[in-house]
Amino acid sequence: MALGVPALPFPFAVHLLGIAGVVMVLVWNIYFRGGLAWNSSNKGLIFNIHPVLLLIGLIIIGGEAIISYKSLSLKKEIKKLIHLVLHAVALILGIIGIYTAFKFHNESGIDNLYSLHSWLGIGVIVLYGIQWIFGFVMFFYPGGSSSLRSNTLPWHVLFGLFVYVLAVGTASLGFLEKLTFLEGSGLPKYGSEALLVNFTAIVTIFYGTFVVLSAISHAPEADDDYAPI
């Protein structure tokens, strides 16, 4: 599945864009939206946890997990463990982030699961969980036979990239949906917060693009290496 181009430049772009994405989503939700809170009379502070954890978790940490086989010069077993743990962290943060959206809606008297963003979000977290469980059982413990791993690896890679691209698209829809609500409530369309949200979405899309390019590009591998998503 590898492209005939070296992977080396792409992970650097992923790391830089990831740092930018973390800073931007934190500035938006802490500086412009007032901060983060698990319990508060200001229910918007509860919702603010949602974009922060979803972007940092599923998108950024999940992206780092995907490229770990191309960006780290370590033995296969160590990279496999890093890959597994990072995906687990991403999944846990994603679940918590989705829960806070339900918590915000329930405490604010807002209906749940009425938008395309929410439908896709549930689909993404379910598929992400299935992908992680399959990877754990097949490639980590108890592990399938050598031939079974070889046969399922391309499908594991393909399905992982599909879920990740779907996650990036869902995040982009989320930025659009939230900004539309804010502008409908009086937020200036060309103000600094609106521009920050749009640029955060753009950084998210470019981050996801470079993650995929890193995953499908060519990288020198050790003799005992393989690179599942």
# chains A, B, ... in the order shown; residues from 1 in each chain; ligands from 1
>>> residues_around(residues="segment 55-63 of chain A", least_positions_apart="6", cutoff="6 Å", atoms="only C-alpha atoms", output="ChimeraX atom specification")
/A:18,87,90,93-94,211
>>> residues_around(residues="segment 100-114 of chain A", least_positions_apart="4", cutoff="6 Å", atoms="only C-alpha atoms", output="MDAnalysis selection string")
chainID A and resid 46:47 50 118
>>> write_last_selection(atoms="N, CA and C atoms", output="JSON list (two decimals), in the first residue's frame")
[["chain", "number", "residue", "atom", "x", "y", "z"],
["A", 46, "ILE", "N", -19.44, 22.96, 30.22],
["A", 46, "ILE", "CA", -19.45, 21.50, 30.12],
["A", 46, "ILE", "C", -19.26, 21.08, 28.67],
["A", 47, "PHE", "N", -19.97, 21.77, 27.77],
["A", 47, "PHE", "CA", -19.83, 21.42, 26.36],
["A", 47, "PHE", "C", -18.41, 21.64, 25.85],
["A", 50, "HIS", "N", -16.08, 18.86, 25.11],
["A", 50, "HIS", "CA", -16.33, 18.01, 23.95],
["A", 50, "HIS", "C", -15.34, 18.26, 22.81],
["A", 118, "SER", "N", -23.78, 14.49, 14.96],
["A", 118, "SER", "CA", -23.94, 13.57, 16.08],
["A", 118, "SER", "C", -24.09, 12.13, 15.60]]
>>> select_by_dssp(residues="chain A", states="alpha helix (DSSP H)", output="ChimeraX atom specification")
/A:9-26,43-47,49-54,62-71,76-108,116-135,146-184,192-216
>>> atom_distance(atom1="atom CA of Ile202 of chain A", atom2="atom CA of Gly97 of chain A")
20.7 Å
